[in-house]
Number of protein chains: 4
Amino acid sequence: MTDKLQVAVAGIGRMGMRHARHFATLTPRAELIAVCSPVQAELDAAKNEFKGVHTYLDYEDMLNQEKSLQAVVVSSATTVHAEQAIKAIDRGLHVLCEKPISTSPEISQSVVDAYAASIKKFPNQKVICGFSRRFDASYRDAHRRLATGEFGTPSVFRSQTCDKLDPSGFFVAYAEFSGGIFVDCSIHDIDLALWFFGEDIKVKSVAAVGITAVQPDLRKHNDRDNAVGIIEFYGGKIAQLYCSRMMAAGQEDCTEIFGTNGKVAINTQPQLNLVNLYESTGIRREIPPDYYGRFRDAFITEANEFTASCLDNTPPPLRLDSAVKAVTIGCALQESLITGKKIEFGEDGDLLEVTSGSLIK
Amino acid sequence: MTDKLQVAVAGIGRMGMRHARHFATLTPRAELIAVCSPVQAELDAAKNEFKGVHTYLDYEDMLNQEKSLQAVVVSSATTVHAEQAIKAIDRGLHVLCEKPISTSPEISQSVVDAYAASIKKFPNQKVICGFSRRFDASYRDAHRRLATGEFGTPSVFRSQTCDKLDPSGFFVAYAEFSGGIFVDCSIHDIDLALWFFGEDIKVKSVAAVGITAVQPDLRKHNDRDNAVGIIEFYGGKIAQLYCSRMMAAGQEDCTEIFGTNGKVAINTQPQLNLVNLYESTGIRREIPPDYYGRFRDAFITEANEFTASCLDNTPPPLRLDSAVKAVTIGCALQESLITGKKIEFGEDGDLLEVTSGSLIK
Amino acid sequence: MTDKLQVAVAGIGRMGMRHARHFATLTPRAELIAVCSPVQAELDAAKNEFKGVHTYLDYEDMLNQEKSLQAVVVSSATTVHAEQAIKAIDRGLHVLCEKPISTSPEISQSVVDAYAASIKKFPNQKVICGFSRRFDASYRDAHRRLATGEFGTPSVFRSQTCDKLDPSGFFVAYAEFSGGIFVDCSIHDIDLALWFFGEDIKVKSVAAVGITAVQPDLRKHNDRDNAVGIIEFYGGKIAQLYCSRMMAAGQEDCTEIFGTNGKVAINTQPQLNLVNLYESTGIRREIPPDYYGRFRDAFITEANEFTASCLDNTPPPLRLDSAVKAVTIGCALQESLITGKKIEFGEDGDLLEVTSGSLIK
Amino acid sequence: MTDKLQVAVAGIGRMGMRHARHFATLTPRAELIAVCSPVQAELDAAKNEFKGVHTYLDYEDMLNQEKSLQAVVVSSATTVHAEQAIKAIDRGLHVLCEKPISTSPEISQSVVDAYAASIKKFPNQKVICGFSRRFDASYRDAHRRLATGEFGTPSVFRSQTCDKLDPSGFFVAYAEFSGGIFVDCSIHDIDLALWFFGEDIKVKSVAAVGITAVQPDLRKHNDRDNAVGIIEFYGGKIAQLYCSRMMAAGQEDCTEIFGTNGKVAINTQPQLNLVNLYESTGIRREIPPDYYGRFRDAFITEANEFTASCLDNTPPPLRLDSAVKAVTIGCALQESLITGKKIEFGEDGDLLEVTSGSLIK
């Protein structure tokens, strides 16, 4: 009998396939035993790449038949994240669920509730939402330095997620189910704000504006291709976010945390690697083409730390409830983006009924 | 008779004295002939530094007695900028007025009106507001590149002005008359937004939040030490601003303009000079201690170009009416910062009556 | 039966232990089955870390008893590299030998000769010298770009290896057997010069000078703590090297290749990660503390590619004979450093008898 | 009567015209009164640009007729630098002589000797050689920091001067009189080495190699387009130089000084200004097109400080004798470059007769 964590991956599209690889070959303490997908071609590809892996067209079949299964990575379409996560949770399986848990705060909360109920029966169970940036070496270095107090109290947060411009129209189709640019892209930045400010912090208000500079068709899904938002927290902290689908140079994700005694900046000088090219047009460097180019190592660390937490019964590397808070803020920003209203929250976290933005002369 | 522009400087405090130096020694086509200040010690210092310069305790005395005077640099307290500017304008003098013209949009507009009236009599008269960043080599390079269209349509603008932390309490006293952090600091960023987006652009809404992280006493003057704001323009353009009085490392002013086909970034890797220090703690570089350390060359260029415009009767290097728009946006952001309301504008530029941010459960 | 490459590591000091880890846990297609060391404590540590690994005090015992052994990583003291490599080669095992093969060109050549003889019997055998930088993503990117011809003909090469200052005296003791700073440190830079210029290139002359700025005791082993050298190649190419043991900030290894149409620079802006710290003293970033901090990923790639080459019988990722050339150049530089003489080579590669540097007035 | 320094410029080619401008309009305490050139068109251009300036076809005519003349800037062809400088020196005029004084150490020394003789009669006389980098803000910052001792003893020096590739053939024609790439380009780097190591330091040996990668015709003037050299100084200090005429990106001059306790790097991340361009090919910045683009401010500072030294009778900003040492080292490097010999010096500064580099098998 092996002492490796027995893992299945649900959903093996682009990102799911990467998760499968990370667990199959780059996580020494884990073993990939099964994958599922409604698409037979994806299963065939997985079978080809991962010798001996079991494949399933149906998620529940997989859960039922894989008797040795210990952990599930939910990397299917966002719309089924919560449902699949809850099914695994209810069986006492460890779960690593891709972000966001759901585009709805309520559904996201239902996963947290399911976990809270389940853990009474399965006290060693680990359930996390895969906010990959939390596993990035640079973000961790920044967090560790801020935690020393050397930079004073973190007070202002700025973060941006700029995806490479994709003229194919992919983002328009994708917007139908993504929950909108703030829920899909900025969710990472919001999670970072919570991490750097402290996950018990409470949101006070959000406001956002946006445009469709390159993809006007996004409007039919109530989405934008560029948006900026501000978040006010109780306790004297503020955040500014920028998300975009039109960066020419590649993936540009950067974050700054301004403390009362200094600033920590992550990736404000983006780069693909350590190479600089001196050409007749000047000096050039490339940047990663997409988020995976930027965060591959973080995903691998995520796989390894999730595995270690499950096997060693140590605390999970991040809190699940925080993921609900991130979705809530993301949805509020998205609503503000579309309605033009500033949205306020009471100290108890309740959304306040606001009338704003009416155009009365 | 000399063919050099005969210049007087009104107000020779810290910045006024620098203007005096620029015109006296670093603007070959100008001659500093007079300065005024209500503070005798300042006049004595000027007399000592600038041989033969005439000194006045009273502004109007200076205007009356300096018969050869051609141009006035208004660098006195903000509260008298407009009044002094108008007095010089009415006499047909060229005027370089420090920013902001006023902390009131209405008073700012009165200077524009005075100029519009005066120029009928004095068709060669030049009146500008001294937005020094417009004269900075890097900002100009950025503007020129964007103007080529190579980067597509400028659509998103991000800019920040972070002053070095001054624990002396200076900023608290200063806040009484500064108009607030958005009017005092971000006015430069707002002016840049107008310059990069096109000065005929119209503001649609603003929203801002802020905190007092290091200087709680700022609240008694309705000000904050850190604030973030978003500006929405008609025509599908948005801007995000950050202003701060607590940067540990020095002056950090940077700007990014995101076009539909690329981005131009100015000073996102701030530095004092070209030196890097390799020490046991890593690699370190310093940044300018204050805005003058960063923009000294721009001020000198400003002096030279203003002088050239006056002497050669060429178009002034920037439009005066744009300065009123900048003040209007700055004041709206400041109001939003304090009231918590989002503020909206009609396409005609009128402020709209908005009810927002009310805390109704 | 497993299809994983069965690997043993000979010598499990600091670097050997890292190799063991890479093959045990970060090379999915390899399996670490045995280690040897003359130090029992090292074997105990390995036994503890790698479950089931076999341990040996004697290298030949290991070769004799591990019947399934396929590949050996030679990471023992440099003085036994060649001997251990040859013993493994003669048995038809694949070998990854740490650099340098030997501090003697002749002994280095004997390994190449042994391989040449052995491969006739074992045509699939792979033997490489572990020049880790060849596996670094940035160096590879640079090499690929230069290979396109876009930067013209690589003509001038500059490279430096600066170790962090170690005031413990370690480097003095180490110098007794290291072969000297050019053979120990610059061997990497020399290997890169050969790689970027083409491994068939022939050295024409070398000259070097050096000092003992911080470790005067190095002189008793005919070594220096800082040295600069120049290499002239037949065919119109030149290289400049700098090696040092006194960098305060950490490990600083950088390389530039000047082509006739541009330059490619690797790591001329060294950094630990993507974090910048804004403090009252300016902006600071750290750099890796040592070569492993800089090249860990390269070592892991090396392990994986060596494994793949052995299992798939594909060409080894680098040529063994090139390693002899690197040692030859390194030894000549070291001799020039100590004697003050410029050293010249004929086109056939023979060392020429030179009289130079004599102090005749 | 004016109290401005009365200045003439001898030689108003490309660089001379710039000197003329600096003194005419950017040096408040100086007045440009005359220029001379053997080329009438140059005189016409100067007359047009500088109102009232006197023009001369003959240098001595100028000296004879300009009775109020106080200082001469020698910016003519290098071949007449020394002769013109000595003529001015003998009349007691202040002299700013462009670098190098001469391509011959002996002739360079003759200017120092003339000054030494003249200063007995004219004790306030100032004569300097215009090593512009000494006036650059970044180099000065570096020098000041090293002087504090914070970085330990400066021990290793690296510097490079890379000119932009000029395919016109200019550099070939220029090489006939330039003295060679080490005397023309690296003279600046050598001067910096002397400045950072201390101007009383003594050279022990030099060795150099070079190639003609892009301009083979340089060989007919015994020159190269790329060369690297090493300098050994008595007292345990070493320097490495690289000079090139083939940089694609523009002017790239950088310098590093390695102290026993840290390193100071100047311009190792070259840039035109503070702008970064994010394009589909990555992030790009430009660098200055030529040395004037890089050092314009330094030339202006040079003009102002030379003027101040003359008017206020303060010590000249740099020592003249050091310029002879720089030429001596530059010539030795050039000789080593061409002959392939390492060249050695006695502690008394005498060149030693060396036999080296002979190809005896």
# chains A, B, ... in the order shown; residues from 1 in each chain; ligands from 1
call {"tool": "residues_around", "arguments": {"residues": "D:Glu150", "least_positions_apart": "4", "cutoff": "10 Å", "atoms": "only C-alpha atoms", "output": "PDB file with C-alpha atoms, in the first residue's frame"}}
result
ATOM      1  CA  GLU B 279      25.218  46.167  -0.067  1.00  0.00           C
TER       2      GLU B 279
ATOM      3  CA  ARG D 145      29.472  57.230  -1.603  1.00  0.00           C
ATOM      4  CA  LEU D 146      32.736  55.357  -2.097  1.00  0.00           C
ATOM      5  CA  GLY D 259      34.780  47.638  -2.904  1.00  0.00           C
ATOM      6  CA  THR D 260      35.730  45.180  -0.209  1.00  0.00           C
ATOM      7  CA  ASN D 261      32.351  45.842   1.377  1.00  0.00           C
ATOM      8  CA  GLY D 262      29.999  46.323  -1.547  1.00  0.00           C
ATOM      9  CA  LYS D 263      29.654  47.542  -5.087  1.00  0.00           C
TER      10      LYS D 263
END
call {"tool": "select_by_dssp", "arguments": {"residues": "stretch 116-321 of chain A", "states": "strand (DSSP E)", "output": "ChimeraX atom specification"}}
result
/A:127-130,154-164,203-211,226-233,237-247,252-259,262-266,275-279,282-285
call {"tool": "closest_atom_pairs", "arguments": {"of": "chain C", "to": "chain B", "cutoff": "12 Å", "atoms": "only C-alpha atoms", "output": "CSV"}}
result
residue,atom,partner,partner_atom,distance
C:Lys164,CA,B:Ser280,CA,9.0
C:Leu165,CA,B:Ser280,CA,9.2
C:Asp166,CA,B:Ser280,CA,11.5
C:Met246,CA,B:Ser280,CA,10.6
C:Met247,CA,B:Tyr278,CA,8.2
C:Ala248,CA,B:Ser280,CA,4.7
C:Ala249,CA,B:Ser280,CA,4.4
C:Gly250,CA,B:Gly282,CA,7.3
C:Gln251,CA,B:Gly282,CA,10.2
C:Glu252,CA,B:Tyr278,CA,10.1
C:Thr268,CA,B:Asn276,CA,11.8
C:Gln269,CA,B:Ile283,CA,9.4
C:Pro270,CA,B:Ile283,CA,8.5
C:Gln271,CA,B:Ile283,CA,8.3
C:Leu272,CA,B:Gly282,CA,9.1
C:Asn273,CA,B:Gly282,CA,11.8
C:Val275,CA,B:Gly282,CA,11.8
C:Asn276,CA,B:Arg284,CA,9.6
C:Leu277,CA,B:Arg284,CA,9.1
C:Tyr278,CA,B:Ala249,CA,5.6
C:Glu279,CA,B:Ala249,CA,5.0
C:Ser280,CA,B:Ala249,CA,4.4
C:Thr281,CA,B:Ala249,CA,6.1
C:Gly282,CA,B:Glu286,CA,4.2
C:Ile283,CA,B:Arg285,CA,5.4
C:Arg284,CA,B:Arg284,CA,4.3
C:Arg285,CA,B:Ile283,CA,5.4
C:Glu286,CA,B:Gly282,CA,4.2
C:Ile287,CA,B:Gly282,CA,6.0
C:Pro288,CA,B:Gly282,CA,9.1
C:Pro289,CA,B:Gly282,CA,9.6
call {"tool": "write_last_selection", "arguments": {"atoms": "N, CA and C atoms", "output": "short mmCIF file (atom, residue, chain, number, x, y, z; two decimals), in the first residue's frame"}}
result
data_model
loop_
_atom_site.label_atom_id
_atom_site.label_comp_id
_atom_site.auth_asym_id
_atom_site.auth_seq_id
_atom_site.Cartn_x
_atom_site.Cartn_y
_atom_site.Cartn_z
N LYS C 164 29.14 35.36 -2.82
CA LYS C 164 28.94 36.20 -1.64
C LYS C 164 30.17 36.09 -0.74
N LEU C 165 30.57 37.22 -0.21
CA LEU C 165 31.68 37.27 0.73
C LEU C 165 31.41 36.31 1.89
N ASP C 166 32.39 35.45 2.15
CA ASP C 166 32.25 34.51 3.27
C ASP C 166 33.44 34.74 4.20
N MET C 246 33.98 38.21 -3.07
CA MET C 246 33.72 39.24 -2.06
C MET C 246 32.46 40.08 -2.32
N MET C 247 31.50 39.54 -3.06
CA MET C 247 30.28 40.31 -3.30
C MET C 247 29.47 40.41 -2.01
N ALA C 248 29.18 41.62 -1.60
CA ALA C 248 28.45 41.81 -0.34
C ALA C 248 26.99 41.37 -0.45
N ALA C 249 26.39 41.62 -1.59
CA ALA C 249 24.93 41.50 -1.70
C ALA C 249 24.45 40.06 -1.89
N GLY C 250 25.34 39.15 -2.27
CA GLY C 250 24.92 37.77 -2.52
C GLY C 250 25.60 37.26 -3.78
N GLN C 251 24.95 36.31 -4.41
CA GLN C 251 25.50 35.73 -5.64
C GLN C 251 25.15 36.63 -6.81
N GLU C 252 26.14 37.06 -7.54
CA GLU C 252 25.87 37.89 -8.71
C GLU C 252 26.58 37.33 -9.93
N THR C 268 21.75 40.96 -15.70
CA THR C 268 22.48 42.19 -15.37
C THR C 268 21.71 43.05 -14.39
N GLN C 269 20.50 42.65 -14.09
CA GLN C 269 19.74 43.29 -13.00
C GLN C 269 19.34 42.19 -12.02
N PRO C 270 20.30 41.72 -11.24
CA PRO C 270 20.02 40.54 -10.40
C PRO C 270 18.94 40.79 -9.36
N GLN C 271 18.29 39.73 -8.96
CA GLN C 271 17.17 39.85 -8.03
C GLN C 271 16.88 38.49 -7.41
N LEU C 272 16.36 38.50 -6.22
CA LEU C 272 15.95 37.26 -5.56
C LEU C 272 14.61 36.80 -6.11
N ASN C 273 13.70 37.76 -6.27
CA ASN C 273 12.35 37.45 -6.75
C ASN C 273 11.76 38.74 -7.30
N VAL C 275 10.01 41.04 -5.80
CA VAL C 275 9.63 41.99 -4.75
C VAL C 275 10.61 43.16 -4.71
N ASN C 276 10.07 44.37 -4.60
CA ASN C 276 10.85 45.58 -4.33
C ASN C 276 10.37 46.20 -3.04
N LEU C 277 11.32 46.62 -2.23
CA LEU C 277 11.00 47.17 -0.91
C LEU C 277 11.27 48.66 -0.91
N TYR C 278 10.25 49.43 -0.59
CA TYR C 278 10.40 50.89 -0.54
C TYR C 278 10.54 51.27 0.93
N GLU C 279 11.73 51.72 1.28
CA GLU C 279 12.04 52.03 2.67
C GLU C 279 12.57 53.46 2.76
N SER C 280 12.82 53.90 3.97
CA SER C 280 13.27 55.30 4.12
C SER C 280 14.64 55.50 3.48
N THR C 281 15.37 54.42 3.23
CA THR C 281 16.68 54.53 2.58
C THR C 281 16.61 54.37 1.07
N GLY C 282 15.42 54.21 0.54
CA GLY C 282 15.28 54.06 -0.90
C GLY C 282 14.55 52.78 -1.26
N ILE C 283 14.82 52.30 -2.44
CA ILE C 283 14.18 51.08 -2.93
C ILE C 283 15.23 49.97 -2.93
N ARG C 284 14.84 48.84 -2.39
CA ARG C 284 15.80 47.75 -2.20
C ARG C 284 15.23 46.46 -2.73
N ARG C 285 16.11 45.64 -3.30
CA ARG C 285 15.71 44.27 -3.59
C ARG C 285 16.86 43.36 -3.19
N GLU C 286 16.56 42.17 -2.84
CA GLU C 286 17.61 41.23 -2.47
C GLU C 286 18.02 40.40 -3.68
N ILE C 287 19.16 39.75 -3.56
CA ILE C 287 19.60 38.84 -4.62
C ILE C 287 19.85 37.47 -3.98
N PRO C 288 19.94 36.42 -4.78
CA PRO C 288 20.12 35.10 -4.19
C PRO C 288 21.39 35.04 -3.33
N PRO C 289 21.35 34.31 -2.23
CA PRO C 289 22.51 34.26 -1.34
C PRO C 289 23.67 33.43 -1.91
#
call {"tool": "closest_residue", "arguments": {"among": "C:Arg134, C:Arg224, C:His19, C:Lys4", "to": "C:Leu96", "atoms": "only C-alpha atoms"}}
result
C:His19
call {"tool": "atom_distance", "arguments": {"atom1": "atom CA of A:Glu232", "atom2": "atom CA of B:Glu344"}}
result
19.6 Å
call {"tool": "residues_around", "arguments": {"residues": "B:Gly340", "least_positions_apart": "5", "cutoff": "8 Å", "atoms": "only C-alpha atoms", "output": "MDAnalysis selection string"}}
result
chainID B and resid 207:209 335 357
call {"tool": "write_last_selection", "arguments": {"atoms": "C-alpha atoms", "output": "short mmCIF file (atom, residue, chain, number, x, y, z; two decimals), in the first residue's frame"}}
result
data_model
loop_
_atom_site.label_atom_id
_atom_site.label_comp_id
_atom_site.auth_asym_id
_atom_site.auth_seq_id
_atom_site.Cartn_x
_atom_site.Cartn_y
_atom_site.Cartn_z
CA ALA B 207 -15.81 58.66 -6.55
CA ALA B 208 -13.16 58.64 -3.87
CA VAL B 209 -12.33 57.13 -0.49
CA GLU B 335 -16.06 66.26 -1.91
CA GLY B 357 -24.23 56.68 -0.03
#
call {"tool": "select_by_dssp", "arguments": {"residues": "stretch 45-265 of chain A", "states": "alpha helix (DSSP H)", "output": "ChimeraX atom specification"}}
result
/A:45-49,59-65,78-90,105-121,137-147,170-178,181-184,187-197
call {"tool": "atom_distance", "arguments": {"atom1": "atom CA of C:Thr27", "atom2": "atom CA of C:Ala147"}}
result
28.6 Å
call {"tool": "residues_around", "arguments": {"residues": "C:Gly130", "least_positions_apart": "4", "cutoff": "9 Å", "atoms": "only C-alpha atoms", "output": "list of chain:residue names"}}
result
C:Leu96, C:Cys97, C:Glu98, C:Lys99, C:Pro100, C:Arg134, C:Phe299, C:Glu302, C:Leu318
call {"tool": "atom_distance", "arguments": {"atom1": "atom CA of A:Thr328", "atom2": "atom CA of A:Glu106"}}
result
8.6 Å
call {"tool": "residues_around", "arguments": {"residues": "C:Ile89", "least_positions_apart": "4", "cutoff": "12 Å", "atoms": "only C-alpha atoms", "output": "number ranges by chain"}}
result
C: 63, 70-74, 81-85, 93-97, 110-128
call {"tool": "residues_around", "arguments": {"residues": "A:Phe50", "least_positions_apart": "6", "cutoff": "10 Å", "atoms": "only C-alpha atoms", "output": "VMD selection string"}}
result
chain A and resid 20 to 21 24 to 25 32 to 35 44
call {"tool": "residues_around", "arguments": {"residues": "B:Phe131", "least_positions_apart": "5", "cutoff": "12 Å", "atoms": "only C-alpha atoms", "output": "PyMOL selection string"}}
result
chain B and resi 96-101+136+139+184-192+194-195+295+298-299+301-303+306+317-320+322-323+326
